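Below is one structure, written out as structure tokens, with a few remarks after it.
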Amino acid sequence: PWGRRRGWKLLPTCHQMLPYYTNKKHDLQTLNAPLSRALMDVFSGTMSNMSDRINLPRTITDRANVLFKVVYEGRNLKGRSNSAIAAACLYIACRQDGVPGTFKEIVAVSAISKKEIGRVFKLILKAHDTNVELITTGDFMSRFCGTLSLARPIQKAATCIAQKAVD
């Protein structure tokens, strides 16, 4: 009644007859389907929406997607929401590419709290030996001056003052 692809297996612990699949191709598709579906949801939905909302280049989004896949397949952050992991990966990708960004900007484009993104960020750095450089005020200075439409000499002076304040 079960056809050629299915059979019966006796479980030694409870001695009950349970059906199981004997078709290995079907088993592999069944096991990989949820993984690929979750990845595709994050890549095409969450990650691309967040990066589009803050106008990030495609290279940063791709780097964040690769990092998310590594983290997701590593299973070190099992139990954390995919959205929090995606937001932290996007923040890490921005920092690695030298694009200054803050947790507040990531929080503004996601539905995750700053506290949760920070926790996941630290866990990813610890679990995957990911390197990110420290952010200085000079990193943000060019962006802030550009937003304020300040002239180039004023921008250089502001960056120099910020650098001297740090030193």
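Each chain in the structure tokens gets a letter, A, B, ..., in the order shown, and its residues are numbered from 1; ligands are numbered from 1 in order too.
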
For the contact check between stretch 41-89 of chain A and stretch 116-137 of chain A, emit one row per residue of stretch 41-89 of chain A within 8 Å, containing the shortest atom pair and the distance in Å rounded to one decimal, counting only C-alpha atoms, chain then rising number order, as a tab-separated table.
```
residue	atom	partner	partner_atom	distance
A:Val71	CA	A:Ile124	CA	7.2
A:Asn76	CA	A:Ala127	CA	7.0
A:Leu77	CA	A:Leu123	CA	7.6
A:Arg80	CA	A:Val120	CA	7.9
A:Ala84	CA	A:Ile117	CA	5.6
A:Ile85	CA	A:Val120	CA	6.2
A:Ala87	CA	A:Ile117	CA	6.6
A:Ala88	CA	A:Phe121	CA	5.1
A:Cys89	CA	A:Phe121	CA	7.4
```

Please provide the set of residues having any atom within 12 Å of A:Leu39, restricted to only C-alpha atoms, with same-chain residues fewer than 4 positions apart removed, written as a PyMOL selection string.
-> chain A and resi 32-35+43-47+65-73+82-83+85-86

Output N, CA, C and O atoms for every residue in the selection just made, as a PDB file, in the first residue's frame.
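out-v8.pdb, freshly written:
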```
ATOM      1  N   ASN A  32      17.143  19.784   2.665  1.00  0.00           N
ATOM      2  CA  ASN A  32      17.704  21.047   2.203  1.00  0.00           C
ATOM      3  C   ASN A  32      16.645  22.109   1.934  1.00  0.00           C
ATOM      4  O   ASN A  32      16.974  23.277   1.876  1.00  0.00           O
ATOM      5  N   ALA A  33      15.403  21.730   1.756  1.00  0.00           N
ATOM      6  CA  ALA A  33      14.358  22.685   1.417  1.00  0.00           C
ATOM      7  C   ALA A  33      14.180  23.766   2.485  1.00  0.00           C
ATOM      8  O   ALA A  33      14.153  24.942   2.154  1.00  0.00           O
ATOM      9  N   PRO A  34      14.064  23.421   3.773  1.00  0.00           N
ATOM     10  CA  PRO A  34      13.878  24.482   4.752  1.00  0.00           C
ATOM     11  C   PRO A  34      15.082  25.418   4.840  1.00  0.00           C
ATOM     12  O   PRO A  34      14.937  26.613   5.004  1.00  0.00           O
ATOM     13  N   LEU A  35      16.294  24.891   4.704  1.00  0.00           N
ATOM     14  CA  LEU A  35      17.485  25.718   4.754  1.00  0.00           C
ATOM     15  C   LEU A  35      17.501  26.718   3.611  1.00  0.00           C
ATOM     16  O   LEU A  35      17.671  27.906   3.820  1.00  0.00           O
ATOM     17  N   PHE A  43      17.707  36.642   2.062  1.00  0.00           N
ATOM     18  CA  PHE A  43      18.422  37.314   0.977  1.00  0.00           C
ATOM     19  C   PHE A  43      17.506  38.225   0.177  1.00  0.00           C
ATOM     20  O   PHE A  43      17.828  39.378  -0.066  1.00  0.00           O
ATOM     21  N   SER A  44      16.366  37.704  -0.242  1.00  0.00           N
ATOM     22  CA  SER A  44      15.503  38.487  -1.127  1.00  0.00           C
ATOM     23  C   SER A  44      14.573  39.417  -0.362  1.00  0.00           C
ATOM     24  O   SER A  44      14.114  40.416  -0.907  1.00  0.00           O
ATOM     25  N   GLY A  45      14.299  39.112   0.883  1.00  0.00           N
ATOM     26  CA  GLY A  45      13.372  39.940   1.636  1.00  0.00           C
ATOM     27  C   GLY A  45      14.064  40.872   2.606  1.00  0.00           C
ATOM     28  O   GLY A  45      14.256  42.058   2.337  1.00  0.00           O
ATOM     29  N   THR A  46      14.470  40.335   3.728  1.00  0.00           N
ATOM     30  CA  THR A  46      14.978  41.146   4.827  1.00  0.00           C
ATOM     31  C   THR A  46      16.221  41.934   4.449  1.00  0.00           C
ATOM     32  O   THR A  46      16.265  43.154   4.616  1.00  0.00           O
ATOM     33  N   MET A  47      17.232  41.232   3.952  1.00  0.00           N
ATOM     34  CA  MET A  47      18.515  41.876   3.681  1.00  0.00           C
ATOM     35  C   MET A  47      18.396  42.927   2.576  1.00  0.00           C
ATOM     36  O   MET A  47      18.906  44.040   2.719  1.00  0.00           O
ATOM     37  N   ASN A  65      25.159  38.985   2.706  1.00  0.00           N
ATOM     38  CA  ASN A  65      24.511  37.701   2.396  1.00  0.00           C
ATOM     39  C   ASN A  65      25.463  36.523   2.608  1.00  0.00           C
ATOM     40  O   ASN A  65      25.069  35.489   3.150  1.00  0.00           O
ATOM     41  N   VAL A  66      26.711  36.682   2.182  1.00  0.00           N
ATOM     42  CA  VAL A  66      27.695  35.610   2.358  1.00  0.00           C
ATOM     43  C   VAL A  66      27.946  35.370   3.842  1.00  0.00           C
ATOM     44  O   VAL A  66      27.984  34.220   4.304  1.00  0.00           O
ATOM     45  N   LEU A  67      28.081  36.444   4.597  1.00  0.00           N
ATOM     46  CA  LEU A  67      28.297  36.311   6.034  1.00  0.00           C
ATOM     47  C   LEU A  67      27.101  35.661   6.714  1.00  0.00           C
ATOM     48  O   LEU A  67      27.260  34.796   7.578  1.00  0.00           O
ATOM     49  N   PHE A  68      25.887  36.040   6.289  1.00  0.00           N
ATOM     50  CA  PHE A  68      24.683  35.435   6.872  1.00  0.00           C
ATOM     51  C   PHE A  68      24.661  33.932   6.597  1.00  0.00           C
ATOM     52  O   PHE A  68      24.332  33.141   7.481  1.00  0.00           O
ATOM     53  N   LYS A  69      25.018  33.545   5.374  1.00  0.00           N
ATOM     54  CA  LYS A  69      25.012  32.127   5.038  1.00  0.00           C
ATOM     55  C   LYS A  69      26.008  31.355   5.892  1.00  0.00           C
ATOM     56  O   LYS A  69      25.710  30.265   6.384  1.00  0.00           O
ATOM     57  N   VAL A  70      27.192  31.921   6.101  1.00  0.00           N
ATOM     58  CA  VAL A  70      28.206  31.267   6.933  1.00  0.00           C
ATOM     59  C   VAL A  70      27.698  31.127   8.367  1.00  0.00           C
ATOM     60  O   VAL A  70      27.833  30.072   8.988  1.00  0.00           O
ATOM     61  N   VAL A  71      27.105  32.183   8.893  1.00  0.00           N
ATOM     62  CA  VAL A  71      26.595  32.160  10.262  1.00  0.00           C
ATOM     63  C   VAL A  71      25.440  31.174  10.387  1.00  0.00           C
ATOM     64  O   VAL A  71      25.370  30.390  11.332  1.00  0.00           O
ATOM     65  N   TYR A  72      24.546  31.201   9.399  1.00  0.00           N
ATOM     66  CA  TYR A  72      23.363  30.338   9.447  1.00  0.00           C
ATOM     67  C   TYR A  72      23.749  28.864   9.368  1.00  0.00           C
ATOM     68  O   TYR A  72      23.212  28.033  10.096  1.00  0.00           O
ATOM     69  N   GLU A  73      24.695  28.553   8.482  1.00  0.00           N
ATOM     70  CA  GLU A  73      25.112  27.158   8.333  1.00  0.00           C
ATOM     71  C   GLU A  73      26.011  26.703   9.474  1.00  0.00           C
ATOM     72  O   GLU A  73      26.104  25.513   9.749  1.00  0.00           O
ATOM     73  N   ASN A  82      16.245  35.353  12.520  1.00  0.00           N
ATOM     74  CA  ASN A  82      16.973  35.582  11.269  1.00  0.00           C
ATOM     75  C   ASN A  82      17.093  37.067  10.972  1.00  0.00           C
ATOM     76  O   ASN A  82      18.080  37.509  10.391  1.00  0.00           O
ATOM     77  N   SER A  83      16.096  37.851  11.370  1.00  0.00           N
ATOM     78  CA  SER A  83      16.151  39.293  11.135  1.00  0.00           C
ATOM     79  C   SER A  83      17.266  39.944  11.936  1.00  0.00           C
ATOM     80  O   SER A  83      17.962  40.833  11.437  1.00  0.00           O
ATOM     81  N   ILE A  85      20.016  38.426  12.988  1.00  0.00           N
ATOM     82  CA  ILE A  85      21.272  37.977  12.394  1.00  0.00           C
ATOM     83  C   ILE A  85      21.542  38.753  11.106  1.00  0.00           C
ATOM     84  O   ILE A  85      22.667  39.183  10.850  1.00  0.00           O
ATOM     85  N   ALA A  86      20.505  38.960  10.296  1.00  0.00           N
ATOM     86  CA  ALA A  86      20.669  39.700   9.039  1.00  0.00           C
ATOM     87  C   ALA A  86      21.080  41.139   9.311  1.00  0.00           C
ATOM     88  O   ALA A  86      21.961  41.678   8.630  1.00  0.00           O
TER      89      ALA A  86
END
```

Please give the complete set of residues from stretch 27-89 of chain A that DSSP, run on the backbone, assigns to alpha helix (DSSP H), formatted as a PyMOL selection string.
-> chain A and resi 27-41+48-53+58-74+82-89

Export N, CA and C atoms of the chosen residues as a compact mmCIF listing (two decimals), in the first residue's frame?
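Saved to selection02.txt:
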```txt
# COMPACT_ATOMS: atom_id res chain seq x y z
N ASP A 27 14.92 12.43 0.30
CA ASP A 27 15.37 12.79 1.64
C ASP A 27 16.27 14.03 1.60
N LEU A 28 17.18 14.10 0.63
CA LEU A 28 18.07 15.24 0.53
C LEU A 28 17.29 16.51 0.19
N GLN A 29 16.32 16.41 -0.70
CA GLN A 29 15.51 17.57 -1.05
C GLN A 29 14.70 18.03 0.15
N THR A 30 14.18 17.11 0.92
CA THR A 30 13.38 17.46 2.08
C THR A 30 14.25 18.13 3.14
N LEU A 31 15.45 17.63 3.35
CA LEU A 31 16.33 18.21 4.35
C LEU A 31 16.85 19.57 3.94
N ASN A 32 17.14 19.78 2.67
CA ASN A 32 17.70 21.05 2.20
C ASN A 32 16.64 22.11 1.93
N ALA A 33 15.40 21.73 1.76
CA ALA A 33 14.36 22.68 1.42
C ALA A 33 14.18 23.77 2.48
N PRO A 34 14.06 23.42 3.77
CA PRO A 34 13.88 24.48 4.75
C PRO A 34 15.08 25.42 4.84
N LEU A 35 16.29 24.89 4.70
CA LEU A 35 17.48 25.72 4.75
C LEU A 35 17.50 26.72 3.61
N SER A 36 17.29 26.25 2.42
CA SER A 36 17.34 27.15 1.27
C SER A 36 16.18 28.14 1.30
N ARG A 37 15.03 27.72 1.81
CA ARG A 37 13.89 28.63 1.90
C ARG A 37 14.18 29.74 2.89
N ALA A 38 14.76 29.42 4.02
CA ALA A 38 15.10 30.43 5.02
C ALA A 38 16.14 31.40 4.47
N LEU A 39 17.15 30.86 3.79
CA LEU A 39 18.18 31.73 3.20
C LEU A 39 17.58 32.65 2.15
N MET A 40 16.74 32.11 1.30
CA MET A 40 16.14 32.93 0.24
C MET A 40 15.23 34.01 0.83
N ASP A 41 14.52 33.69 1.91
CA ASP A 41 13.67 34.70 2.55
C ASP A 41 14.51 35.86 3.06
N SER A 48 17.73 42.59 1.49
CA SER A 48 17.64 43.55 0.39
C SER A 48 16.78 44.75 0.77
N ASN A 49 15.73 44.54 1.56
CA ASN A 49 14.90 45.67 2.00
C ASN A 49 15.69 46.63 2.88
N MET A 50 16.44 46.08 3.82
CA MET A 50 17.23 46.93 4.71
C MET A 50 18.29 47.70 3.93
N SER A 51 19.00 47.02 3.03
CA SER A 51 20.06 47.70 2.28
C SER A 51 19.49 48.73 1.30
N ASP A 52 18.33 48.46 0.74
CA ASP A 52 17.70 49.44 -0.16
C ASP A 52 17.25 50.68 0.61
N ARG A 53 16.77 50.50 1.81
CA ARG A 53 16.27 51.63 2.59
C ARG A 53 17.37 52.57 3.04
N ARG A 58 25.44 47.30 -3.83
CA ARG A 58 25.20 45.86 -3.96
C ARG A 58 26.35 45.03 -3.37
N THR A 59 27.56 45.56 -3.43
CA THR A 59 28.70 44.80 -2.92
C THR A 59 28.57 44.55 -1.41
N ILE A 60 28.07 45.54 -0.69
CA ILE A 60 27.89 45.38 0.75
C ILE A 60 26.77 44.38 1.03
N THR A 61 25.70 44.46 0.26
CA THR A 61 24.60 43.51 0.44
C THR A 61 25.07 42.09 0.16
N ASP A 62 25.87 41.92 -0.89
CA ASP A 62 26.39 40.58 -1.21
C ASP A 62 27.31 40.07 -0.10
N ARG A 63 28.15 40.94 0.43
CA ARG A 63 29.04 40.54 1.53
C ARG A 63 28.21 40.14 2.76
N ALA A 64 27.16 40.89 3.04
CA ALA A 64 26.28 40.57 4.17
C ALA A 64 25.57 39.24 3.95
N ASN A 65 25.16 38.98 2.71
CA ASN A 65 24.51 37.70 2.40
C ASN A 65 25.46 36.52 2.61
N VAL A 66 26.71 36.68 2.18
CA VAL A 66 27.70 35.61 2.36
C VAL A 66 27.95 35.37 3.84
N LEU A 67 28.08 36.44 4.60
CA LEU A 67 28.30 36.31 6.03
C LEU A 67 27.10 35.66 6.71
N PHE A 68 25.89 36.04 6.29
CA PHE A 68 24.68 35.43 6.87
C PHE A 68 24.66 33.93 6.60
N LYS A 69 25.02 33.55 5.37
CA LYS A 69 25.01 32.13 5.04
C LYS A 69 26.01 31.36 5.89
N VAL A 70 27.19 31.92 6.10
CA VAL A 70 28.21 31.27 6.93
C VAL A 70 27.70 31.13 8.37
N VAL A 71 27.11 32.18 8.89
CA VAL A 71 26.59 32.16 10.26
C VAL A 71 25.44 31.17 10.39
N TYR A 72 24.55 31.20 9.40
CA TYR A 72 23.36 30.34 9.45
C TYR A 72 23.75 28.86 9.37
N GLU A 73 24.69 28.55 8.48
CA GLU A 73 25.11 27.16 8.33
C GLU A 73 26.01 26.70 9.47
N GLY A 74 26.66 27.65 10.16
CA GLY A 74 27.48 27.31 11.32
C GLY A 74 26.64 26.91 12.52
N ASN A 82 16.25 35.35 12.52
CA ASN A 82 16.97 35.58 11.27
C ASN A 82 17.09 37.07 10.97
N SER A 83 16.10 37.85 11.37
CA SER A 83 16.15 39.29 11.14
C SER A 83 17.27 39.94 11.94
N ALA A 84 17.45 39.50 13.17
CA ALA A 84 18.53 40.05 14.01
C ALA A 84 19.89 39.67 13.43
N ILE A 85 20.02 38.43 12.99
CA ILE A 85 21.27 37.98 12.39
C ILE A 85 21.54 38.75 11.11
N ALA A 86 20.50 38.96 10.30
CA ALA A 86 20.67 39.70 9.04
C ALA A 86 21.08 41.14 9.31
N ALA A 87 20.48 41.77 10.31
CA ALA A 87 20.83 43.15 10.63
C ALA A 87 22.27 43.24 11.11
N ALA A 88 22.70 42.31 11.95
CA ALA A 88 24.07 42.32 12.44
C ALA A 88 25.05 42.06 11.29
N CYS A 89 24.70 41.14 10.39
CA CYS A 89 25.57 40.86 9.23
C CYS A 89 25.69 42.08 8.33
```

Give me the residues of stretch 77-144 of chain A that have any atom at most 10 Å from an atom of stretch 148-166 of chain A; for each, the nearest atom pair and the distance in Å, rounded to one decimal. Use only C-alpha atoms, sort by chain and number, and format it as CSV.
```
residue,atom,partner,partner_atom,distance
A:Thr136,CA,A:Val166,CA,8.0
A:Thr137,CA,A:Ala162,CA,6.1
A:Gly138,CA,A:Thr159,CA,5.3
A:Asp139,CA,A:Thr159,CA,8.4
A:Phe140,CA,A:Thr159,CA,8.9
A:Met141,CA,A:Thr159,CA,5.9
A:Ser142,CA,A:Gln155,CA,6.4
A:Arg143,CA,A:Leu148,CA,8.7
A:Phe144,CA,A:Leu148,CA,6.3
```

Would you mind reading off the distance between atom CA of A:Ala108 and atom CA of A:Asn55, one decimal, in Å?
-> 13.0 Å

Atom CA of A:Thr147 and atom CA of A:Asp97, how far apart in Å?
->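 Those two atoms sit 20.4 Å apart.
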
Calculate how many Å separate atom CA of A:Leu56 from atom CA of A:Ile92, rounding to one decimal.
->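 According to the coordinates, atom CA of A:Leu56 and atom CA of A:Ile92 are separated by 12.9 Å.
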
Which neighbours of A:Lys104 fall inside 12 Å, counting only C-alpha atoms, when residues of the same chain fewer than 2 positions from it are skipped, and could you give them as a VMD selection string?
-> chain A and resid 54 87 to 88 91 100 to 102 106 to 115 117 to 118
